[in-house]
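Shown here: structure.txt, compact mmCIF, C-alpha atoms.
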# COMPACT_ATOMS: atom_id res chain seq x y z
CA MET I 762 130.25 164.67 153.21
CA SER I 763 127.17 164.98 155.24
CA SER I 764 127.87 167.88 157.53
CA GLU I 765 128.78 170.68 155.20
CA HIS I 766 127.56 174.12 156.13
CA GLN I 767 128.71 175.90 152.97
CA ALA I 768 129.91 174.96 149.50
CA HIS I 769 133.33 173.29 149.36
CA PRO I 770 135.98 174.68 146.99
CA THR I 771 135.91 173.59 143.37
CA PRO I 772 138.77 171.47 141.89
CA GLY I 773 140.17 174.66 140.31
CA GLN I 774 140.25 176.35 143.72
CA TYR I 775 142.00 173.31 145.22
CA TRP I 776 144.73 173.64 142.57
CA LYS I 777 145.17 177.31 143.46
CA ILE I 778 145.45 176.42 147.17
CA ALA I 779 148.08 173.77 146.31
CA ALA I 780 150.02 176.33 144.23
CA PHE I 781 149.97 178.68 147.23
CA LEU I 782 151.26 175.88 149.50
CA ALA I 783 154.03 175.07 147.01
CA ALA I 784 155.02 178.76 146.90
CA VAL I 785 155.17 178.93 150.70
CA THR I 786 157.35 175.78 150.74
CA ALA I 787 159.70 177.37 148.21
CA LEU I 788 159.86 180.47 150.41
CA GLU I 789 160.73 178.30 153.42
CA VAL I 790 163.62 176.66 151.57
CA ALA I 791 164.79 180.08 150.33
CA MET I 792 164.77 181.34 153.95
CA PHE I 793 166.98 178.41 154.94
CA TYR I 794 169.66 179.47 152.43
CA ILE I 795 169.25 183.20 153.13
CA ASP I 796 169.87 182.46 156.80
CA ARG I 797 173.04 180.57 155.91
CA GLN I 798 174.34 183.63 154.09
CA LEU I 799 173.15 186.38 156.41
CA GLY I 800 172.83 184.60 159.77
CA LEU I 801 169.38 185.97 160.63
CA GLY I 802 169.12 183.81 163.76
CA PHE I 803 165.91 184.38 165.71
CA LEU I 804 164.27 186.27 162.82
CA ASN I 805 164.80 183.26 160.54
CA ALA I 806 163.26 180.93 163.15
CA ALA I 807 160.27 183.25 163.59
CA ILE I 808 159.66 183.53 159.82
CA LEU I 809 160.00 179.76 159.27
CA ILE I 810 157.59 178.97 162.11
CA LEU I 811 155.12 181.54 160.73
CA LEU I 812 155.31 180.06 157.20
CA SER I 813 154.91 176.55 158.61
CA ALA I 814 151.87 177.67 160.63
CA ILE I 815 150.30 179.18 157.48
CA LYS I 816 150.74 175.88 155.59
CA PHE I 817 149.37 173.93 158.57
CA LEU I 818 146.26 176.11 158.84
CA VAL I 819 145.57 176.06 155.09
CA VAL I 820 145.73 172.24 154.92
CA VAL I 821 143.57 171.87 158.05
CA GLY I 822 141.06 174.53 157.01
CA TRP I 823 140.61 173.77 153.31
CA PHE I 824 141.89 170.23 152.60
CA MET I 825 140.59 168.75 155.86
CA HIS I 826 137.45 170.91 155.52
CA VAL I 827 137.53 172.05 159.15
CA ARG I 828 136.17 175.46 158.20
CA TYR I 829 133.11 173.77 156.66
CA GLU I 830 132.49 171.31 159.51
CA LYS I 831 130.51 171.59 162.73
CA PRO I 832 132.32 173.62 165.43
CA MET I 833 132.61 170.51 167.62
CA ILE I 834 135.19 169.01 165.24
CA SER I 835 137.44 172.06 165.23
CA ARG I 836 137.16 172.19 169.04
CA PHE I 837 138.33 168.57 169.35
CA PHE I 838 141.18 169.16 166.94
CA THR I 839 142.25 172.47 168.46
CA ALA I 840 142.09 171.01 171.97
CA GLY I 841 144.48 168.18 171.04
CA PHE I 842 146.85 170.56 169.28
CA VAL I 843 146.89 173.18 172.04
CA LEU I 844 147.28 170.51 174.73
CA ALA I 845 150.25 168.93 172.91
CA CYS I 846 151.92 172.30 172.17
CA GLY I 847 151.42 173.56 175.72
CA LEU I 848 152.64 170.36 177.35
CA TYR I 849 155.79 170.02 175.24
CA LEU I 850 156.63 173.74 175.34
CA VAL I 851 156.63 173.48 179.14
CA VAL I 852 158.91 170.43 178.93
CA LEU I 853 161.28 172.13 176.45
CA SER I 854 161.32 175.36 178.47
CA ALA I 855 162.01 173.48 181.71
CA LEU I 856 164.95 171.72 180.08
CA GLY I 857 166.33 174.91 178.52
CA VAL I 858 165.85 173.90 174.88
CA VAL I 859 163.62 176.88 173.99
CA ALA I 860 166.22 179.31 175.34
CA ILE I 861 169.03 177.68 173.32
CA ARG I 862 167.04 177.66 170.06
CA GLY I 863 165.70 181.15 170.61
CA GLY I 864 169.31 182.36 170.50
CA MET R 505 98.02 139.06 169.73
CA SER R 506 94.85 137.13 169.05
CA ASP R 507 93.27 140.24 167.45
CA VAL R 508 96.26 140.59 165.17
CA ALA R 509 96.23 136.93 164.30
CA ALA R 510 92.54 137.14 163.47
CA SER R 511 93.12 140.02 161.10
CA PRO R 512 95.75 139.61 158.37
CA ALA R 513 95.57 143.34 157.59
CA GLY R 514 96.25 144.20 161.24
CA ALA R 515 99.24 141.85 161.29
CA GLU R 516 100.71 143.64 158.28
CA ASP R 517 100.27 147.01 160.00
CA VAL R 518 102.07 145.78 163.11
CA ALA R 519 104.88 144.30 161.01
CA ASP R 520 105.25 147.56 159.06
CA ALA R 521 105.28 149.60 162.25
CA MET R 522 107.92 147.32 163.79
CA ALA R 523 110.03 147.50 160.66
CA SER R 524 109.76 151.29 160.59
CA ALA R 525 110.67 151.55 164.24
CA HIS R 526 113.63 149.23 163.63
CA ASP R 527 114.84 151.36 160.70
CA VAL R 528 114.53 154.59 162.66
CA ASP R 529 116.34 153.04 165.61
CA LEU R 530 119.20 151.77 163.43
CA GLY R 531 119.45 155.09 161.66
CA HIS R 532 119.62 156.94 164.95
CA HIS R 533 122.39 154.80 166.41
CA GLU R 534 124.49 154.12 163.33
CA GLU R 535 124.54 157.45 161.60
CA HIS R 536 124.41 160.46 163.86
CA GLU R 537 123.94 159.86 167.60
CA SER R 538 123.34 163.10 169.50
CA THR R 539 126.30 165.06 168.06
CA GLY R 540 124.98 165.27 164.49
CA ILE R 541 128.31 163.82 163.30
CA GLU R 542 128.82 160.26 162.07
CA ASN R 543 130.36 158.19 164.86
CA ARG R 544 133.26 156.90 162.77
CA LYS R 545 134.08 160.39 161.59
CA LEU R 546 134.03 161.77 165.12
CA GLY R 547 136.19 158.83 166.20
CA MET R 548 138.73 159.65 163.50
CA TRP R 549 138.93 163.29 164.63
CA VAL R 550 139.43 162.23 168.25
CA PHE R 551 142.15 159.77 167.13
CA LEU R 552 143.93 162.44 165.08
CA SER R 553 143.70 164.85 167.99
CA SER R 554 145.41 162.28 170.22
CA GLU R 555 148.10 161.77 167.59
CA PHE R 556 149.31 165.33 168.26
CA LEU R 557 150.46 164.11 171.66
CA PHE R 558 152.22 161.11 170.10
CA PHE R 559 154.16 163.08 167.51
CA GLY R 560 154.64 165.97 169.94
CA ALA R 561 156.51 163.61 172.27
CA LEU R 562 158.76 162.40 169.43
CA ILE R 563 159.49 165.94 168.19
CA THR R 564 160.25 167.06 171.76
CA ASN R 565 162.58 164.09 172.18
CA TYR R 566 164.40 165.08 168.98
CA LEU R 567 164.73 168.73 170.06
CA LEU R 568 166.16 167.60 173.40
CA TYR R 569 168.92 165.52 171.86
CA SER R 570 169.50 166.89 168.34
CA ASN R 571 172.30 169.31 169.27
CA ARG R 572 173.42 167.95 172.62
CA GLY R 573 177.16 167.44 172.26
CA GLY R 574 179.46 165.00 173.97
CA PHE R 575 178.59 161.89 171.99
CA GLU R 576 180.58 160.06 169.35
CA GLY R 577 179.47 159.65 165.74
CA THR R 578 177.65 161.68 163.10
CA TYR R 579 174.80 163.97 164.10
CA PRO R 580 171.78 164.15 161.76
CA ALA R 581 171.87 167.98 161.59
CA ALA R 582 175.34 167.80 160.03
CA ILE R 583 174.30 165.66 157.06
CA TYR R 584 170.78 166.73 156.05
CA ASP R 585 170.27 167.01 152.32
CA ILE R 586 167.89 170.00 152.27
CA PRO R 587 167.27 170.10 148.48
CA PHE R 588 166.34 166.40 148.48
CA THR R 589 164.06 166.69 151.54
CA SER R 590 162.46 169.82 150.06
CA VAL R 591 161.43 167.84 146.97
CA SER R 592 160.09 165.03 149.19
CA SER R 593 158.09 167.58 151.19
CA PHE R 594 156.68 169.05 147.99
CA VAL R 595 155.63 165.57 146.80
CA LEU R 596 153.81 164.85 150.08
CA LEU R 597 152.14 168.27 149.97
CA MET R 598 150.87 167.58 146.45
CA SER R 599 149.54 164.20 147.57
CA SER R 600 147.19 166.16 149.85
CA LEU R 601 145.93 167.92 146.71
CA THR R 602 145.26 164.64 144.89
CA MET R 603 143.55 163.27 148.03
CA VAL R 604 141.16 166.19 148.26
CA LEU R 605 140.50 165.92 144.49
CA ALA R 606 139.55 162.24 145.01
CA HIS R 607 137.11 163.27 147.72
CA ASN R 608 135.73 166.04 145.55
CA ALA R 609 135.29 163.69 142.57
CA LEU R 610 133.38 161.18 144.69
CA SER R 611 131.10 163.90 146.07
CA ARG R 612 130.18 164.62 142.41
CA ASN R 613 129.71 160.86 141.89
CA ASP R 614 132.64 160.84 139.44
CA GLN R 615 133.76 157.30 140.34
CA HIS R 616 136.46 157.09 137.68
CA GLY R 617 137.93 160.43 138.75
CA ALA R 618 137.89 159.42 142.42
CA ARG R 619 139.69 156.16 141.58
CA THR R 620 142.32 157.95 139.50
CA TRP R 621 143.08 160.55 142.19
CA LEU R 622 143.18 157.84 144.87
CA PHE R 623 145.83 155.98 142.88
CA ALA R 624 147.75 159.22 142.29
CA THR R 625 147.75 159.89 146.04
CA ALA R 626 149.08 156.40 146.78
CA ALA R 627 151.74 156.84 144.08
CA LEU R 628 152.91 160.20 145.47
CA GLY R 629 152.94 158.71 148.98
CA SER R 630 155.10 155.86 147.67
CA VAL R 631 157.52 158.36 146.11
CA PHE R 632 157.81 160.13 149.47
CA LEU R 633 158.35 156.82 151.27
CA GLY R 634 160.95 155.76 148.69
CA GLY R 635 162.75 159.06 149.33
CA GLN R 636 162.80 158.34 153.04
CA VAL R 637 164.21 154.86 152.48
CA PHE R 638 166.89 156.40 150.24
CA GLU R 639 167.72 159.03 152.89
CA PHE R 640 167.99 156.41 155.65
CA THR R 641 170.16 154.18 153.45
CA GLU R 642 172.45 157.07 152.59
CA PHE R 643 172.82 158.08 156.25
CA ILE R 644 173.66 154.51 157.28
CA VAL R 645 175.94 153.55 154.38
CA GLU R 646 177.66 156.88 153.60
CA TYR R 647 177.84 158.44 157.07
CA ASP R 648 177.67 155.35 159.31
CA MET R 649 174.84 156.94 161.33
CA THR R 650 172.68 154.13 162.68
CA LEU R 651 169.88 154.01 165.25
CA SER R 652 172.40 153.45 168.04
CA THR R 653 175.14 155.89 166.97
CA ASN R 654 174.10 158.59 169.45
CA PRO R 655 170.88 159.94 171.08
CA ALA R 656 170.38 162.51 168.29
CA ALA R 657 170.48 159.81 165.61
CA SER R 658 168.09 157.61 167.62
CA ALA R 659 165.64 160.50 168.07
CA PHE R 660 165.82 161.33 164.35
CA TYR R 661 165.20 157.77 163.16
CA VAL R 662 162.39 157.16 165.65
CA LEU R 663 160.58 160.40 164.73
CA THR R 664 160.89 160.17 160.95
CA GLY R 665 160.52 156.37 161.04
CA PHE R 666 157.17 156.58 162.85
CA HIS R 667 156.02 159.23 160.41
CA GLY R 668 157.06 156.98 157.52
CA THR R 669 155.13 154.12 159.12
CA HIS R 670 152.03 156.33 159.20
CA VAL R 671 152.56 157.11 155.50
CA ALA R 672 152.90 153.38 154.72
CA ILE R 673 149.64 152.61 156.58
CA GLY R 674 147.96 155.42 154.63
CA ILE R 675 149.17 153.98 151.32
CA ILE R 676 147.76 150.55 152.25
CA MET R 677 144.37 152.12 153.06
CA LEU R 678 144.40 154.15 149.83
CA LEU R 679 145.23 151.13 147.69
CA SER R 680 142.56 149.08 149.50
CA LEU R 681 139.92 151.69 148.64
CA TRP R 682 141.23 151.87 145.07
CA GLY R 683 141.01 148.07 144.77
CA ILE R 684 137.47 147.98 146.18
CA SER R 685 136.42 150.75 143.79
CA ARG R 686 137.92 148.88 140.84
CA ARG R 687 136.30 145.58 141.78
CA GLN R 688 132.84 147.09 142.41
CA ASN R 689 133.15 149.67 139.65
CA GLY R 690 132.71 152.47 142.18
CA LEU R 691 132.31 153.19 145.88
CA SER R 692 128.96 153.12 147.66
CA GLU R 693 127.83 155.99 149.88
CA LYS R 694 129.00 154.12 152.99
CA GLN R 695 132.38 153.43 151.39
CA GLY R 696 132.48 157.12 150.48
CA LEU R 697 132.70 157.86 154.19
CA ASN R 698 135.70 155.51 154.34
CA LEU R 699 137.36 157.62 151.64
CA GLU R 700 136.67 160.74 153.68
CA LEU R 701 138.20 159.14 156.80
CA VAL R 702 141.30 157.95 154.92
CA GLY R 703 141.55 161.47 153.50
CA LEU R 704 141.50 163.00 156.98
CA TYR R 705 144.24 160.59 158.07
CA TRP R 706 146.31 161.41 154.98
CA HIS R 707 146.06 165.18 155.44
CA PHE R 708 147.02 164.73 159.07
CA VAL R 709 150.17 162.84 158.06
CA ASP R 710 150.90 165.77 155.74
CA ILE R 711 150.51 168.45 158.43
CA ILE R 712 152.77 166.47 160.78
CA TRP R 713 155.42 166.48 158.02
CA ILE R 714 154.95 170.26 157.60
CA VAL R 715 156.00 170.60 161.25
CA ILE R 716 158.83 168.04 160.99
CA PHE R 717 160.24 169.65 157.84
CA THR R 718 160.49 173.04 159.52
CA VAL R 719 161.49 172.04 163.06
CA VAL R 720 163.79 169.11 162.29
CA TYR R 721 165.32 170.02 158.91
CA LEU R 722 165.12 173.78 158.30
CA LEU R 723 165.74 174.85 161.90
CA SER R 724 168.47 172.29 162.49
CA ILE R 725 171.31 173.43 164.73
CA PRO R 726 174.74 171.76 164.66
CA PRO R 727 175.81 170.03 167.90
CA THR R 728 177.40 172.14 170.61
Before we go any further, please render this structure as structure tokens.
Amino acid sequence: MSSEHQAHPTPGQYWKIAAFLAAVTALEVAMFYIDRQLGLGFLNAAILILLSAIKFLVVVGWFMHVRYEKPMISRFFTAGFVLACGLYLVVLSALGVVAIRGG
Amino acid sequence: MSDVAASPAGAEDVADAMASAHDVDLGHHEEHESTGIENRKLGMWVFLSSEFLFFGALITNYLLYSNRGGFEGTYPAAIYDIPFTSVSSFVLLMSSLTMVLAHNALSRNDQHGARTWLFATAALGSVFLGGQVFEFTEFIVEYDMTLSTNPAASAFYVLTGFHGTHVAIGIIMLLSLWGISRRQNGLSEKQGLNLELVGLYWHFVDIIWIVIFTVVYLLSIPPT
């Protein structure tokens, strides 16, 4: 509350953001069933990960207010996320899980 | 000291100066430190950042064992109820909306609104948690898949169970704030920071579920 750099969204804008998130979730579920019918394989995985990343970034940016906070906070958060992703991607690659799931 | 003692006016000046210095000192240490960010808030961000490693380990563990064949018993990927979990995910996502509306209401000093949205967030969190209890019960009773059935089942229960535990802790914190607000007829500025911190924690629990929903449920692969 004390470190805002620009005006936060209004309640109406928060509702619109939530509607967008709900729509993306519906799209994700639709992709799951489309893949069952068409067997999209890697393309399905890529689209689902992209949609998930969009939801993740919207919640972090707008609901957690990272885009309105001091840069130090986003650096801390990004550092933890990148470290975790990098570490576990190396582990999964070393054990062959990424290759299996990538098709 | 003797000069001060001899002059009541001088003693008052010294006392005022000491009090001012004390206030400035407290303000410097308690509120901002050198980062310009409240210490508790910075601490929460560092904690959440470290939680990525915690949940990352559990998700990695699940991915390692989820489709590894050669074990007896039911695998989680074979029995997921995607429509049910989709509704649960939607409920948790909407709880992030009510949380941010609570924060927004408090920033406008709308205490009643903040209290209402806090309770709505706790209620939606409870619905999500109830859904998880239902899912676990169904898996155990209908499909006989327990924690020790096979490594995939263990990894699934540990991952989603720890996430559920985080949700339960969040609900307790939300209801505590709601109770305090009801008793005091509003939250003070300092307690407002508590609401912001609980909000950060709640949104974090939500983004972890965004990842779990996609990686564990939607990208599930049957055992080989």
Find the residues in chain I near chain R: any atom within 8 Å counts, using only C-alpha atoms. Write them as an MDAnalysis selection string.
chainID I and resid 762 764 771:772 775:776 779 782:783 786 789:790 793 806 809:810 813 816:817 820:821 824:825 834 837:842 844:846 849 853 856 858
Nearest residue to Leu788 (chain I) out of I:Leu812, I:Gly822, I:Gly857, I:Gly773, using all atoms listed in the file?
I:Leu812
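Using all atoms listed in the file, the shortest contact distance between Val720 (chain R) and any of R:Gly683, R:Gly690, R:Gly668, R:Pro580 is found at R:Pro580.
With all atoms listed in the file as the basis for measurement, R:Ala656 is the residue among R:Leu699, R:Ala656, R:Ile644, R:Ile684 that approaches Gly574 (chain R) most closely.
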Could you give me the axis-aligned bounding box of region 801-805 of chain I, with 3 Å of padding per side, as centre plus edge lengths in Å to one decimal, as AutoDock Vina command-line options?
--center_x 166.8 --center_y 184.8 --center_z 163.1 --size_x 11.1 --size_y 9.0 --size_z 11.2
Coordinates-based distance that separates CA of Ile676 (chain R) from CA of Phe660 (chain R) (Å, one decimal)
24.3 Å
Please provide the set of residues having any atom within 8 Å of Ser592 (chain R), restricted to all atoms listed in the file, with same-chain residues fewer than 3 positions apart removed, written as a PDB file with C-alpha atoms, keeping the file's coordinate frame.
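Saved the output as around.pdb:
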ATOM      1  CA  PHE R 588     166.340 166.400 148.480  1.00  0.00           C
ATOM      2  CA  THR R 589     164.060 166.690 151.540  1.00  0.00           C
ATOM      3  CA  VAL R 595     155.630 165.570 146.800  1.00  0.00           C
ATOM      4  CA  LEU R 596     153.810 164.850 150.080  1.00  0.00           C
ATOM      5  CA  VAL R 631     157.520 158.360 146.110  1.00  0.00           C
ATOM      6  CA  PHE R 632     157.810 160.130 149.470  1.00  0.00           C
ATOM      7  CA  GLY R 635     162.750 159.060 149.330  1.00  0.00           C
TER       8      GLY R 635
END
Counting only C-alpha atoms, which of R:Arg619, R:Ala624, R:Ser652, R:Phe666 gets nearest to Gln636 (chain R)?
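Closest to Gln636 (chain R), using only C-alpha atoms: R:Phe666.
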